$ cat final_18.txt   # compact mmCIF, C-alpha atoms
# COMPACT_ATOMS: atom_id res chain seq x y z
CA MET A 1 123.78 60.79 125.66
CA LYS A 2 121.53 63.86 125.49
CA TYR A 3 123.97 65.65 123.19
CA LEU A 4 124.25 62.62 120.91
CA ILE A 5 120.46 62.64 120.52
CA ILE A 6 120.49 66.37 119.71
CA ILE A 7 123.24 65.91 117.10
CA ALA A 8 121.34 63.01 115.53
CA LEU A 9 118.11 65.04 115.39
CA PHE A 10 119.94 67.99 113.87
CA GLY A 11 121.32 65.78 111.11
CA LEU A 12 117.95 64.13 110.53
CA TYR A 13 116.03 67.37 110.11
CA CYS A 14 118.77 69.37 108.36
CA PRO A 15 120.33 67.53 105.42
CA ILE A 16 122.75 69.92 103.75
CA SER A 17 121.03 69.86 100.34
CA LEU A 18 117.73 71.33 101.56
CA SER A 19 116.76 74.95 100.95
CA TYR A 20 113.78 77.10 101.97
CA ASN A 21 110.89 75.21 100.42
CA ILE A 22 107.45 76.07 101.81
CA ASP A 23 106.09 72.51 101.72
CA GLU A 24 109.23 71.14 103.38
CA TYR A 25 109.10 73.90 106.00
CA ILE A 26 105.49 73.03 106.82
CA ASP A 27 106.35 69.34 107.01
CA THR A 28 109.26 70.08 109.38
CA ILE A 29 107.04 72.11 111.74
CA ASN A 30 104.45 69.33 111.73
CA GLN A 31 107.16 66.82 112.65
CA PHE A 32 108.36 69.08 115.46
CA SER A 33 104.84 69.27 116.87
CA ASN A 34 104.65 65.50 117.17
CA ASN A 35 107.95 65.13 119.03
CA SER A 36 108.13 65.65 122.79
CA ILE A 37 111.79 66.73 122.66
CA PHE A 38 110.88 69.65 120.43
CA ALA A 39 107.83 70.48 122.56
CA VAL A 40 110.07 70.85 125.61
CA ASP A 41 112.57 72.91 123.61
CA PHE A 42 109.81 75.29 122.46
CA GLU A 43 108.42 75.72 125.99
CA GLU A 44 111.88 76.42 127.42
CA ASN A 45 112.50 79.06 124.77
CA ILE A 46 109.20 80.80 125.58
CA LYS A 47 109.98 80.74 129.31
CA GLU A 48 113.35 82.39 128.71
CA ILE A 49 111.80 85.07 126.52
CA LEU A 50 109.08 85.83 129.08
CA LYS A 51 111.75 86.40 131.72
CA THR A 52 113.11 89.18 129.51
CA GLU A 53 109.77 90.56 128.28
CA PRO A 54 106.71 89.57 130.37
CA ASN A 55 104.44 91.33 127.82
CA TYR A 56 105.98 89.39 124.95
CA PHE A 57 102.64 88.44 123.37
CA ASN A 58 100.95 91.81 123.96
CA TYR A 59 103.85 94.20 123.72
CA THR A 60 103.33 97.94 123.31
CA PRO A 61 106.31 100.32 123.02
CA GLN A 62 107.27 102.79 125.73
CA ALA A 63 107.31 105.62 123.19
CA LYS A 64 103.90 107.27 122.96
CA PHE A 65 102.01 108.84 120.08
CA THR A 66 101.55 112.57 120.73
CA CYS A 67 101.11 113.95 117.21
CA LYS A 68 98.50 116.47 116.08
CA THR A 69 96.40 114.67 113.48
CA GLN A 70 95.91 117.14 110.66
CA ILE A 71 94.95 116.40 107.06
CA SER A 72 95.14 118.52 103.93
CA VAL A 73 92.29 120.96 103.36
CA GLU A 74 92.23 119.77 99.75
CA ILE A 75 93.43 116.42 98.43
CA PRO A 76 96.93 117.06 97.08
CA THR A 77 97.79 116.30 93.47
CA SER A 78 101.52 116.16 94.19
CA VAL A 79 103.23 113.37 96.14
CA HIS A 80 105.62 116.02 97.45
CA LYS A 81 102.75 117.61 99.40
CA LEU A 82 101.38 114.38 100.85
CA ARG A 83 100.51 114.35 104.54
CA PRO A 84 99.98 111.11 106.53
CA GLY A 85 96.25 111.83 106.74
CA ASP A 86 95.99 112.04 102.95
CA ILE A 87 96.85 108.35 102.63
CA LYS A 88 93.69 106.41 101.80
CA VAL A 89 95.09 102.94 101.02
CA VAL A 90 98.00 100.87 102.35
CA ALA A 91 99.56 97.86 100.62
CA ALA A 92 102.69 95.75 100.99
CA LEU A 93 104.99 93.43 99.04
CA GLY A 94 107.61 91.11 100.49
CA ASP A 95 108.19 87.84 102.28
CA SER A 96 107.46 86.18 105.62
CA LEU A 97 108.62 89.23 107.59
CA THR A 98 105.76 91.21 106.05
CA ALA A 99 103.38 88.24 106.25
CA SER A 100 104.30 88.22 109.97
CA LEU A 101 104.95 84.48 110.03
CA GLY A 102 104.90 83.01 113.54
CA SER A 103 105.06 86.43 115.19
CA ASN A 104 102.62 85.59 117.99
CA ALA A 105 103.05 81.82 118.09
CA LYS A 106 102.25 80.21 121.43
CA THR A 107 102.68 76.64 120.18
CA ILE A 108 104.94 74.93 117.65
CA LEU A 109 102.09 74.79 115.12
CA GLY A 110 101.64 78.52 115.65
CA LEU A 111 104.88 78.95 113.69
CA LEU A 112 102.80 78.08 110.60
CA ILE A 113 100.40 80.98 111.11
CA GLU A 114 100.90 84.22 109.21
CA TYR A 115 99.73 86.87 111.66
CA ARG A 116 99.10 89.40 108.89
CA SER A 117 96.78 91.43 111.12
CA ARG A 118 99.82 92.18 113.32
CA SER A 119 102.31 92.95 110.53
CA TRP A 120 104.46 96.01 111.16
CA SER A 121 103.85 97.58 107.71
CA ILE A 122 100.31 96.42 106.82
CA GLY A 123 98.55 94.99 109.91
CA GLY A 124 95.53 96.87 111.24
CA TYR A 125 94.18 94.70 114.04
CA HIS A 126 93.14 96.61 117.19
CA GLU A 127 94.09 100.24 117.63
CA LEU A 128 97.51 101.82 118.12
CA GLU A 129 97.36 101.69 121.91
CA LYS A 130 97.07 97.88 121.80
CA LEU A 131 99.09 97.04 118.70
CA PHE A 132 101.72 99.33 117.20
CA THR A 133 101.77 99.00 113.41
CA LEU A 134 102.15 101.51 110.60
CA PRO A 135 98.47 101.34 109.53
CA ASN A 136 97.28 101.73 113.13
CA LEU A 137 99.44 104.83 113.36
CA ILE A 138 98.13 106.25 110.07
CA LYS A 139 94.57 105.53 111.25
CA LYS A 140 95.16 108.20 113.88
CA PHE A 141 95.30 110.68 110.98
CA ASN A 142 92.73 108.96 108.76
CA PRO A 143 90.29 106.59 110.53
CA ASN A 144 88.89 105.59 107.12
CA LEU A 145 92.14 104.04 105.94
CA LYS A 146 91.73 100.98 103.67
CA GLY A 147 93.83 97.99 102.65
CA TYR A 148 95.34 96.90 105.96
CA SER A 149 95.18 93.25 107.09
CA VAL A 150 92.74 92.27 109.83
CA LYS A 151 92.88 88.47 109.58
CA ASN A 152 95.49 85.75 109.95
CA ASN A 153 95.98 82.64 107.85
CA LEU A 154 97.89 79.40 107.72
CA MET A 155 101.11 79.60 105.77
CA PHE A 156 99.95 77.30 102.97
CA ASN A 157 96.85 79.47 102.38
CA GLY A 158 98.86 82.58 101.61
CA LYS A 159 100.63 81.63 98.38
CA THR A 160 99.43 84.79 96.59
CA GLY A 161 99.25 86.87 99.74
CA LYS A 162 96.01 88.08 101.26
CA GLY A 163 94.19 91.22 100.13
CA LEU A 164 96.56 94.13 99.59
CA ASN A 165 99.25 92.39 101.63
CA VAL A 166 100.63 90.38 98.72
CA ALA A 167 103.76 89.29 100.62
CA VAL A 168 104.40 85.55 100.43
CA SER A 169 106.46 83.59 102.94
CA GLY A 170 109.63 82.14 101.43
CA GLN A 171 109.65 84.35 98.37
CA GLU A 172 112.63 86.34 97.12
CA ALA A 173 113.31 89.43 95.04
CA ASN A 174 112.72 87.54 91.79
CA HIS A 175 109.10 87.07 92.88
CA VAL A 176 108.42 90.75 93.58
CA PRO A 177 107.50 91.73 90.00
CA ASP A 178 104.76 89.08 90.10
CA GLN A 179 103.63 90.41 93.49
CA ALA A 180 103.43 93.90 91.98
CA ARG A 181 101.28 92.54 89.16
CA ILE A 182 98.93 90.88 91.66
CA LEU A 183 98.72 94.06 93.73
CA ILE A 184 97.90 96.24 90.72
CA ASP A 185 95.12 93.88 89.63
CA ARG A 186 93.66 93.82 93.15
CA LEU A 187 93.79 97.59 93.46
CA LYS A 188 91.93 97.93 90.17
CA SER A 189 89.25 95.40 91.11
CA ASP A 190 88.74 96.46 94.75
CA HIS A 191 85.43 98.31 94.92
CA GLU A 192 86.49 100.08 98.12
CA VAL A 193 89.50 101.64 96.37
CA ASP A 194 89.16 104.71 94.14
CA PHE A 195 92.01 103.61 91.91
CA GLN A 196 92.49 106.96 90.17
CA ASN A 197 92.08 109.30 93.12
CA ASP A 198 93.06 107.52 96.36
CA TRP A 199 96.61 108.09 97.59
CA LYS A 200 98.30 104.74 98.12
CA LEU A 201 101.19 103.89 100.43
CA VAL A 202 103.04 100.78 99.23
CA THR A 203 105.80 99.28 101.38
CA ILE A 204 108.31 96.89 99.79
CA PHE A 205 110.61 94.87 102.02
CA VAL A 206 112.39 91.87 100.51
CA GLY A 207 115.86 90.40 100.23
CA GLY A 208 116.38 88.48 103.45
CA ASN A 209 115.69 85.13 101.81
CA ASP A 210 117.97 86.05 98.89
CA LEU A 211 120.84 86.73 101.28
CA CYS A 212 120.07 83.65 103.36
CA ASP A 213 120.40 81.53 100.20
CA TYR A 214 122.97 83.53 98.24
CA CYS A 215 125.76 80.95 98.53
CA LYS A 216 123.64 78.35 96.71
CA ASN A 217 122.94 80.50 93.65
CA ARG A 218 125.06 83.60 93.20
CA ASP A 219 123.65 84.31 89.74
CA LEU A 220 120.13 84.60 91.13
CA HIS A 221 121.01 86.44 94.32
CA ASN A 222 123.85 88.83 93.46
CA PRO A 223 123.26 92.56 94.12
CA VAL A 224 122.78 93.43 90.44
CA ALA A 225 120.12 90.74 90.04
CA TYR A 226 118.44 91.82 93.28
CA SER A 227 118.19 95.47 92.28
CA THR A 228 117.03 94.54 88.78
CA TYR A 229 114.08 92.56 90.15
CA LEU A 230 113.13 95.49 92.37
CA GLN A 231 113.39 97.81 89.39
CA HIS A 232 111.01 95.61 87.39
CA ALA A 233 108.45 95.75 90.21
CA LEU A 234 108.82 99.52 90.57
CA ASP A 235 108.49 99.93 86.80
CA LEU A 236 105.11 98.20 86.90
CA LEU A 237 103.84 100.42 89.72
CA TYR A 238 105.20 103.54 88.01
CA LYS A 239 103.59 102.65 84.69
CA GLU A 240 100.15 101.63 85.95
CA VAL A 241 99.27 103.03 89.37
CA PRO A 242 98.36 106.69 90.00
CA ARG A 243 99.03 108.50 93.27
CA VAL A 244 101.60 106.30 94.97
CA PHE A 245 104.21 106.80 97.68
CA VAL A 246 106.52 103.76 97.78
CA ASN A 247 108.53 102.86 100.87
CA LEU A 248 111.52 100.78 99.74
CA VAL A 249 112.90 99.38 103.00
CA SER A 250 116.60 98.47 103.14
CA VAL A 251 117.48 94.85 103.90
CA LEU A 252 118.56 93.68 107.33
CA ASN A 253 122.07 92.53 108.15
CA VAL A 254 121.40 88.79 108.03
CA ASN A 255 124.97 88.11 109.11
CA ASP A 256 123.59 88.31 112.64
CA VAL A 257 121.41 85.22 112.20
CA LYS A 258 124.33 83.06 113.34
CA TYR A 259 123.95 84.61 116.80
CA LEU A 260 120.32 83.44 116.96
CA ASN A 261 121.02 79.68 116.82
CA ARG A 262 119.54 78.81 120.21
CA GLY A 263 118.02 75.46 121.08
CA LEU A 264 116.90 72.69 118.76
CA ILE A 265 113.99 74.27 116.91
CA CYS A 266 115.70 77.56 116.14
CA SER A 267 118.97 75.94 115.10
CA ILE A 268 117.29 73.42 112.81
CA LEU A 269 114.98 75.97 111.19
CA HIS A 270 117.88 78.35 110.61
CA LYS A 271 119.79 75.59 108.85
CA ARG A 272 116.80 75.13 106.59
CA VAL A 273 115.73 78.74 105.94
CA CYS A 274 119.00 80.68 106.22
CA PRO A 275 121.98 78.35 105.81
CA CYS A 276 124.39 80.86 104.23
CA ALA A 277 124.09 83.28 107.15
CA ALA A 278 123.33 81.00 110.09
CA TYR A 279 126.09 78.50 109.32
CA PRO A 280 128.84 80.16 107.23
CA GLU A 281 131.59 77.69 106.45
CA THR A 282 134.53 80.12 106.52
CA ALA A 283 135.42 83.69 107.46
CA GLU A 284 135.63 84.40 103.74
CA ASP A 285 131.99 83.36 103.39
CA GLU A 286 131.00 85.83 106.11
CA LYS A 287 132.97 88.57 104.37
CA GLU A 288 131.34 87.78 101.05
CA LEU A 289 127.87 87.93 102.62
CA SER A 290 128.70 91.35 104.08
CA GLU A 291 129.74 92.50 100.61
CA TYR A 292 126.42 91.25 99.21
CA ILE A 293 124.49 93.14 101.90
CA ASP A 294 126.38 96.35 101.08
CA GLY A 295 125.76 95.69 97.41
CA TYR A 296 122.03 95.30 97.97
CA HIS A 297 121.97 98.69 99.70
CA ASN A 298 124.12 100.46 97.13
CA TYR A 299 122.48 99.08 93.99
CA THR A 300 118.97 99.68 95.36
CA GLU A 301 119.82 103.28 96.19
CA ALA A 302 121.31 103.68 92.70
CA VAL A 303 118.05 102.55 91.07
CA VAL A 304 116.04 105.08 93.10
CA ASP A 305 118.58 107.89 92.66
CA SER A 306 118.80 107.34 88.89
CA GLY A 307 115.81 109.60 88.24
CA ARG A 308 113.92 106.72 86.65
CA TYR A 309 110.84 107.45 88.77
CA ASP A 310 111.06 111.24 88.89
CA GLY A 311 108.92 111.95 85.83
CA ARG A 312 105.55 111.96 87.58
CA ASP A 313 104.39 114.44 90.19
CA ASP A 314 102.10 111.82 91.77
CA PHE A 315 104.71 109.07 92.23
CA ALA A 316 107.72 108.75 94.53
CA VAL A 317 109.99 105.94 95.63
CA VAL A 318 111.89 106.60 98.84
CA VAL A 319 114.53 104.31 100.35
CA GLN A 320 113.81 103.95 104.07
CA PRO A 321 117.15 102.80 105.57
CA PHE A 322 116.39 102.30 109.28
CA PHE A 323 117.47 98.63 109.02
CA LYS A 324 120.71 99.43 107.15
CA ASN A 325 122.99 99.61 110.19
CA PHE A 326 120.65 97.96 112.67
CA ARG A 327 122.23 95.21 114.76
CA LEU A 328 120.82 92.77 117.29
CA GLN A 329 119.57 94.29 120.52
CA ARG A 330 121.49 93.09 123.57
CA LEU A 331 120.55 92.64 127.22
CA PRO A 332 122.63 94.33 129.96
CA ASN A 333 124.63 91.09 130.32
CA GLY A 334 125.58 91.19 126.64
CA ASN A 335 123.32 88.32 125.54
CA VAL A 336 120.99 88.68 122.56
CA ASP A 337 117.53 89.97 123.43
CA PHE A 338 115.37 87.26 121.87
CA SER A 339 112.14 89.06 122.80
CA TYR A 340 112.36 90.92 119.47
CA PHE A 341 111.94 87.60 117.67
CA ALA A 342 109.23 85.00 117.23
CA PRO A 343 109.82 81.62 118.94
CA ASP A 344 111.66 80.48 115.80
CA CYS A 345 114.38 83.07 116.64
CA PHE A 346 114.17 84.39 113.09
CA HIS A 347 110.96 86.28 112.31
CA PHE A 348 109.81 89.39 114.18
CA SER A 349 107.78 89.01 117.37
CA THR A 350 105.07 91.53 118.30
CA LYS A 351 107.88 93.58 119.90
CA GLY A 352 109.96 93.32 116.75
CA GLN A 353 106.96 94.30 114.63
CA ALA A 354 106.33 97.41 116.76
CA SER A 355 110.00 98.37 116.59
CA ALA A 356 110.04 98.05 112.79
CA ALA A 357 106.85 100.13 112.54
CA ILE A 358 108.42 102.95 114.57
CA GLY A 359 111.60 102.80 112.52
CA LEU A 360 109.68 103.00 109.24
CA TRP A 361 107.34 105.78 110.42
CA ASN A 362 110.25 107.88 111.68
CA ASN A 363 112.14 107.41 108.39
CA MET A 364 109.08 108.63 106.48
CA LEU A 365 109.26 111.88 108.46
CA GLN A 366 113.01 112.38 107.98
CA PRO A 367 114.48 114.16 104.92
CA VAL A 368 116.20 112.14 102.23
CA GLY A 369 119.91 112.26 102.99
CA LYS A 370 119.27 112.71 106.71
CA LYS A 371 117.35 109.54 107.50
CA SER A 372 118.35 107.35 110.42
CA THR A 373 120.02 104.12 109.37
CA ILE A 374 119.36 102.44 112.70
CA TRP A 375 116.51 102.00 115.12
CA ARG A 376 116.98 102.20 118.90
CA PRO A 377 114.47 101.25 121.65
CA GLU A 378 114.73 104.72 123.16
CA ASP A 379 113.77 106.48 119.91
CA PRO A 380 110.66 108.68 120.21
CA ILE A 381 107.79 108.58 117.72
CA LEU A 382 108.31 111.51 115.35
CA CYS A 383 105.46 113.79 114.32
CA PRO A 384 104.76 115.99 111.29
CA THR A 385 105.41 119.65 112.11
CA THR A 386 104.05 122.95 110.88
CA GLN A 387 107.33 123.53 109.05
CA ASN A 388 107.50 119.98 107.68
CA PRO A 389 103.97 118.54 107.44
CA TYR A 390 104.63 116.25 104.47
CA LEU A 391 106.11 112.80 103.98
CA PHE A 392 109.64 113.41 102.78
CA THR A 393 110.61 112.75 99.17
CA LYS A 394 113.82 113.53 97.35
CA LEU A 395 112.27 116.71 95.92
CA ASN A 396 110.73 118.21 99.07
CA SER A 397 113.78 117.29 101.18
CA ASN A 398 115.66 120.10 99.45
$ encode --input "final_18.txt" --output "structure tokens"
Amino acid sequence: MKYLIIIALFGLYCPISLSYNIDEYIDTINQFSNNSIFAVDFEENIKEILKTEPNYFNYTPQAKFTCKTQISVEIPTSVHKLRPGDIKVVAALGDSLTASLGSNAKTILGLLIEYRSRSWSIGGYHELEKLFTLPNLIKKFNPNLKGYSVKNNLMFNGKTGKGLNVAVSGQEANHVPDQARILIDRLKSDHEVDFQNDWKLVTIFVGGNDLCDYCKNRDLHNPVAYSTYLQHALDLLYKEVPRVFVNLVSVLNVNDVKYLNRGLICSILHKRVCPCAAYPETAEDEKELSEYIDGYHNYTEAVVDSGRYDGRDDFAVVVQPFFKNFRLQRLPNGNVDFSYFAPDCFHFSTKGQASAAIGLWNNMLQPVGKKSTIWRPEDPILCPTTQNPYLFTKLNSN
């Protein structure tokens, strides 16, 4: 009887025609919160995660920061001589993974909170020893860093992002040019930002929602369309913003989402937010999705390698590929380690955020052409060296 109830609930909350719509997502979470079956499912999931990672909600990585925190004697005019401490402003574009949706949720309704202050690429809550994020790491080099997120918000209050974190939950690559426009306007109007002189680090990470929904609209989500939308966003930044280093982070392998369908809440949400990956209908569908993922990587790299953004000495776009060949972390028994994920089994948890931050930071300190395409828990935190003190670009990697 129990399994009949579960099947009925799955059908009720996951009609095949639904896609990732923010209002529908919010309504689904609200319905979950009012149902005792889902409350029990959520609590059981948290208990299982805590068995694996007791510090799940307050995770800090084993790898320690040991870098010497030097800055340039004079502010550089070339992006190819940019040290971490020269960065004055951080900003980010993307989707719910950058908005940090549900990352520290302790209740079902917590899945509606965007924990932007804890975001791997733009969160600046606490200090590095308590919360490992890219801005907290850069603050070790420049304590006066600006732009990072320090507050959280409900999902429906973040429809144009918050501050210089203009990522919006549920959005796709076709929205990124608009996000770039919003970011440029905010940079220009922010009185704390010296628009002409401050060095800005902009991290772009998008494409997961495109891949999750690709089978419903191949014209909108094919690799050529994806890379074209990214190019439009980069064109805007290149045309209007001085002194910028852009991290263009490679998409994850969303094929693995099908291994994260655990329990009622996770399985139902995956059917709603990532149907093409979580529930592929045939082996051919899985193969096609893999081809799309490869296409996203290849076409994005082609845009950056084209030389389109090489005409300015104060602008660089660098593909950071640490997610390219990353696969799900496994426990010693072979089961998926769910402690890297929020209680929705989809978004990053605090542990996942810290891991992504380390992967991105390390990529920034690795030469183009020699960057790691995977992140591993045992990876150390890299440091600038006397021989290589700068963030790597295509030009200074040679």
$ atom_distance --input "final_18.txt" --atom1 "CA of Gly263 (chain A)" --atom2 "CA of Asn58 (chain A)"
23.8 Å
$ residues_near_point --input "final_18.txt" --point "(126.4, 92.5, 90.1)" --cutoff "12 Å" --atoms "only C-alpha atoms" --output "PyMOL selection string"
chain A and resi 218-228+291-296+298-300
$ residues_around --input "final_18.txt" --residues "Ile182 (chain A)" --least-positions-apart "3" --cutoff "8 Å" --atoms "all atoms listed in the file" --output "list in words"
Thr160, Val166, Asp178, Gln179, Asp185 and Arg186 of chain A
$ closest_residue --input "final_18.txt" --among "A:Tyr56, A:Phe322, A:Phe348, A:Phe338" --to "Asn363 (chain A)" --atoms "only C-alpha atoms"
A:Phe322
$ closest_residue --input "final_18.txt" --among "A:Asn209, A:Ser372, A:Asn30, A:Thr350" --to "Leu252 (chain A)" --atoms "only C-alpha atoms"
A:Asn209
$ residues_around --input "final_18.txt" --residues "Tyr340 (chain A)" --least-positions-apart "4" --cutoff "7 Å" --atoms "only C-alpha atoms" --output "ChimeraX atom specification"
/A:348-349,351-352
$ build_atoms --input "final_18.txt" --residues "region 222-235 of chain A" --atoms "N, CA, C and O atoms" --output "JSON list (two decimals), keeping the file's coordinate frame"
[["chain", "number", "residue", "atom", "x", "y", "z"],
["A", 222, "ASN", "N", 122.84, 87.77, 93.36],
["A", 222, "ASN", "CA", 123.85, 88.83, 93.46],
["A", 222, "ASN", "C", 123.18, 90.21, 93.48],
["A", 222, "ASN", "O", 122.01, 90.36, 93.10],
["A", 223, "PRO", "N", 123.88, 91.24, 93.96],
["A", 223, "PRO", "CA", 123.26, 92.56, 94.12],
["A", 223, "PRO", "C", 122.67, 93.15, 92.84],
["A", 223, "PRO", "O", 121.64, 93.83, 92.89],
["A", 224, "VAL", "N", 123.32, 92.91, 91.70],
["A", 224, "VAL", "CA", 122.78, 93.43, 90.44],
["A", 224, "VAL", "C", 121.44, 92.78, 90.12],
["A", 224, "VAL", "O", 120.48, 93.45, 89.74],
["A", 225, "ALA", "N", 121.37, 91.45, 90.29],
["A", 225, "ALA", "CA", 120.12, 90.74, 90.04],
["A", 225, "ALA", "C", 119.04, 91.23, 91.00],
["A", 225, "ALA", "O", 117.89, 91.48, 90.59],
["A", 226, "TYR", "N", 119.40, 91.37, 92.28],
["A", 226, "TYR", "CA", 118.44, 91.82, 93.28],
["A", 226, "TYR", "C", 117.83, 93.17, 92.91],
["A", 226, "TYR", "O", 116.61, 93.35, 92.91],
["A", 227, "SER", "N", 118.68, 94.13, 92.60],
["A", 227, "SER", "CA", 118.19, 95.47, 92.28],
["A", 227, "SER", "C", 117.40, 95.49, 90.97],
["A", 227, "SER", "O", 116.47, 96.29, 90.81],
["A", 228, "THR", "N", 117.75, 94.61, 90.05],
["A", 228, "THR", "CA", 117.03, 94.54, 88.78],
["A", 228, "THR", "C", 115.60, 94.05, 88.99],
["A", 228, "THR", "O", 114.66, 94.58, 88.38],
["A", 229, "TYR", "N", 115.43, 93.05, 89.86],
["A", 229, "TYR", "CA", 114.08, 92.56, 90.15],
["A", 229, "TYR", "C", 113.24, 93.65, 90.83],
["A", 229, "TYR", "O", 112.06, 93.83, 90.50],
["A", 230, "LEU", "N", 113.84, 94.39, 91.74],
["A", 230, "LEU", "CA", 113.13, 95.49, 92.37],
["A", 230, "LEU", "C", 112.75, 96.55, 91.34],
["A", 230, "LEU", "O", 111.64, 97.10, 91.37],
["A", 231, "GLN", "N", 113.66, 96.82, 90.43],
["A", 231, "GLN", "CA", 113.39, 97.81, 89.39],
["A", 231, "GLN", "C", 112.21, 97.38, 88.53],
["A", 231, "GLN", "O", 111.35, 98.21, 88.19],
["A", 232, "HIS", "N", 112.13, 96.11, 88.19],
["A", 232, "HIS", "CA", 111.01, 95.61, 87.39],
["A", 232, "HIS", "C", 109.69, 95.82, 88.12],
["A", 232, "HIS", "O", 108.68, 96.22, 87.50],
["A", 233, "ALA", "N", 109.67, 95.57, 89.43],
["A", 233, "ALA", "CA", 108.45, 95.75, 90.21],
["A", 233, "ALA", "C", 108.08, 97.23, 90.27],
["A", 233, "ALA", "O", 106.91, 97.60, 90.09],
["A", 234, "LEU", "N", 109.07, 98.08, 90.51],
["A", 234, "LEU", "CA", 108.82, 99.52, 90.57],
["A", 234, "LEU", "C", 108.35, 100.05, 89.22],
["A", 234, "LEU", "O", 107.48, 100.94, 89.15],
["A", 235, "ASP", "N", 108.91, 99.52, 88.15],
["A", 235, "ASP", "CA", 108.49, 99.93, 86.80],
["A", 235, "ASP", "C", 107.00, 99.68, 86.59],
["A", 235, "ASP", "O", 106.30, 100.52, 86.00]]
